[in-house]
Amino acid sequence: MATARETGQKYEALAADYLKSENYEIIEMNFHGRHGEIDIIAKDGKYLVFIEVKYRKSSVKGMPFEAVDKNKQKRIRQTALYYMIKNKYSCETPCRFDVVSILGHTVTLFKNAF
């Protein structure tokens with residue numbers, strides 16, 4: 001039986017493959033900062049995109065994207081800011097936050113999710 005981390009890595013890899021098929025350029029996976037983690041950091045055209053991946057086997061406990069609540073969004077924003085400072089991105093760099101929601105075998109991309 002797979003651990004939660006192994007399951008997470010499997011679906012993050014699936015999400016990265018999906019994003020590549022949508023012409024995203026993956027820059028980094030599993031970036032850790034003081035406030036949390038960002039699953040995938042990528043470029044989509046001119047945008048620096050911070051991507052949260054959520055997986056559910058079924059919708060019994062709700063849809064995957066619903067797990068990205070206000071508190072999770074805040075931690076992702078704080079970690080994204082840290083990433084930009086650490087990697088010397090300008091405050092003028094256009095960025096956005098996307099969510100890849102995986103329900104069973106269905107992958108849905110929510111651009112500019114929050």
# chains A, B, ... in the order shown; residues from 1 in each chain; ligands from 1
>>> select_by_dssp(residues="stretch 5-80 of chain A", states="helix (DSSP H, G or I)", output="PyMOL selection string")
chain A and resi 5-21+64-67+70-80
>>> residues_around(residues="A:Thr93", least_positions_apart="6", cutoff="9 Å", atoms="only C-alpha atoms", output="list in words")
Lys46, Tyr47, Leu48 and Met84 of chain A
>>> write_last_selection(atoms="C-alpha atoms", output="CSV table (one decimal), in the first residue's frame")
chain,number,residue,atom,x,y,z
A,46,LYS,CA,4.8,35.3,-19.9
A,47,TYR,CA,3.4,34.0,-16.5
A,48,LEU,CA,5.2,32.5,-13.6
A,84,MET,CA,10.3,35.0,-6.1
>>> select_by_dssp(residues="stretch 43-95 of chain A", states="strand (DSSP E)", output="list in words")
Lys43, Asp44, Tyr47, Leu48, Val49, Phe50, Ile51, Glu52, Val53, Lys54, Tyr55, Arg56 and Cys95 of chain A
>>> residues_around(residues="A:Tyr18", least_positions_apart="5", cutoff="12 Å", atoms="only C-alpha atoms", output="VMD selection string")
chain A and resid 11 to 13 23 to 26 40 53 100 to 102 105 to 109
>>> write_last_selection(atoms="N, CA and C atoms", output="compact mmCIF listing (two decimals), in the first residue's frame")
# COMPACT_ATOMS: atom_id res chain seq x y z
N TYR A 11 0.60 11.59 -8.39
CA TYR A 11 -0.36 12.48 -9.03
C TYR A 11 0.25 13.84 -9.38
N GLU A 12 1.27 14.26 -8.67
CA GLU A 12 1.99 15.47 -9.06
C GLU A 12 2.73 15.23 -10.38
N ALA A 13 3.30 14.04 -10.56
CA ALA A 13 3.95 13.70 -11.83
C ALA A 13 2.92 13.65 -12.96
N ASN A 23 1.58 22.95 -22.83
CA ASN A 23 2.68 23.87 -23.15
C ASN A 23 3.22 24.67 -21.97
N TYR A 24 3.04 24.16 -20.77
CA TYR A 24 3.70 24.75 -19.60
C TYR A 24 5.13 24.24 -19.58
N GLU A 25 6.03 25.09 -19.12
CA GLU A 25 7.43 24.69 -18.92
C GLU A 25 7.63 24.51 -17.42
N ILE A 26 7.87 23.29 -16.99
CA ILE A 26 8.05 23.01 -15.57
C ILE A 26 9.42 23.52 -15.13
N ILE A 40 4.08 22.53 -7.89
CA ILE A 40 4.73 22.72 -9.19
C ILE A 40 4.87 24.23 -9.45
N VAL A 53 -1.63 20.85 -6.66
CA VAL A 53 -2.23 19.63 -7.20
C VAL A 53 -3.04 18.97 -6.10
N VAL A 100 -4.52 22.11 -10.23
CA VAL A 100 -4.80 20.92 -11.01
C VAL A 100 -5.58 19.99 -10.09
N SER A 101 -6.82 19.72 -10.48
CA SER A 101 -7.72 18.88 -9.71
C SER A 101 -7.83 17.53 -10.41
N ILE A 102 -7.54 16.47 -9.68
CA ILE A 102 -7.60 15.13 -10.26
C ILE A 102 -8.62 14.32 -9.48
N HIS A 105 -9.56 9.46 -12.61
CA HIS A 105 -8.63 9.57 -13.74
C HIS A 105 -8.86 10.84 -14.55
N THR A 106 -9.70 11.75 -14.04
CA THR A 106 -10.03 12.98 -14.77
C THR A 106 -9.21 14.13 -14.23
N VAL A 107 -8.44 14.77 -15.11
CA VAL A 107 -7.60 15.90 -14.75
C VAL A 107 -8.27 17.18 -15.24
N THR A 108 -8.42 18.15 -14.33
CA THR A 108 -9.01 19.45 -14.67
C THR A 108 -8.05 20.54 -14.21
N LEU A 109 -7.77 21.47 -15.11
CA LEU A 109 -6.89 22.59 -14.81
C LEU A 109 -7.74 23.84 -14.57
>>> closest_residue(among="A:Phe65, A:Phe50, A:Tyr83, A:Tyr55", to="A:Cys95", atoms="only C-alpha atoms")
A:Phe50
>>> residues_around(residues="A:Val99", least_positions_apart="3", cutoff="8 Å", atoms="only C-alpha atoms", output="PyMOL selection string")
chain A and resi 51-54+65+109-113
>>> closest_residue(among="A:Pro64, A:Pro94, A:Gly8, A:Gly104", to="A:Gly45", atoms="only C-alpha atoms")
A:Pro94
>>> atom_distance(atom1="atom CA of A:Thr7", atom2="atom CA of A:Phe31")
17.4 Å
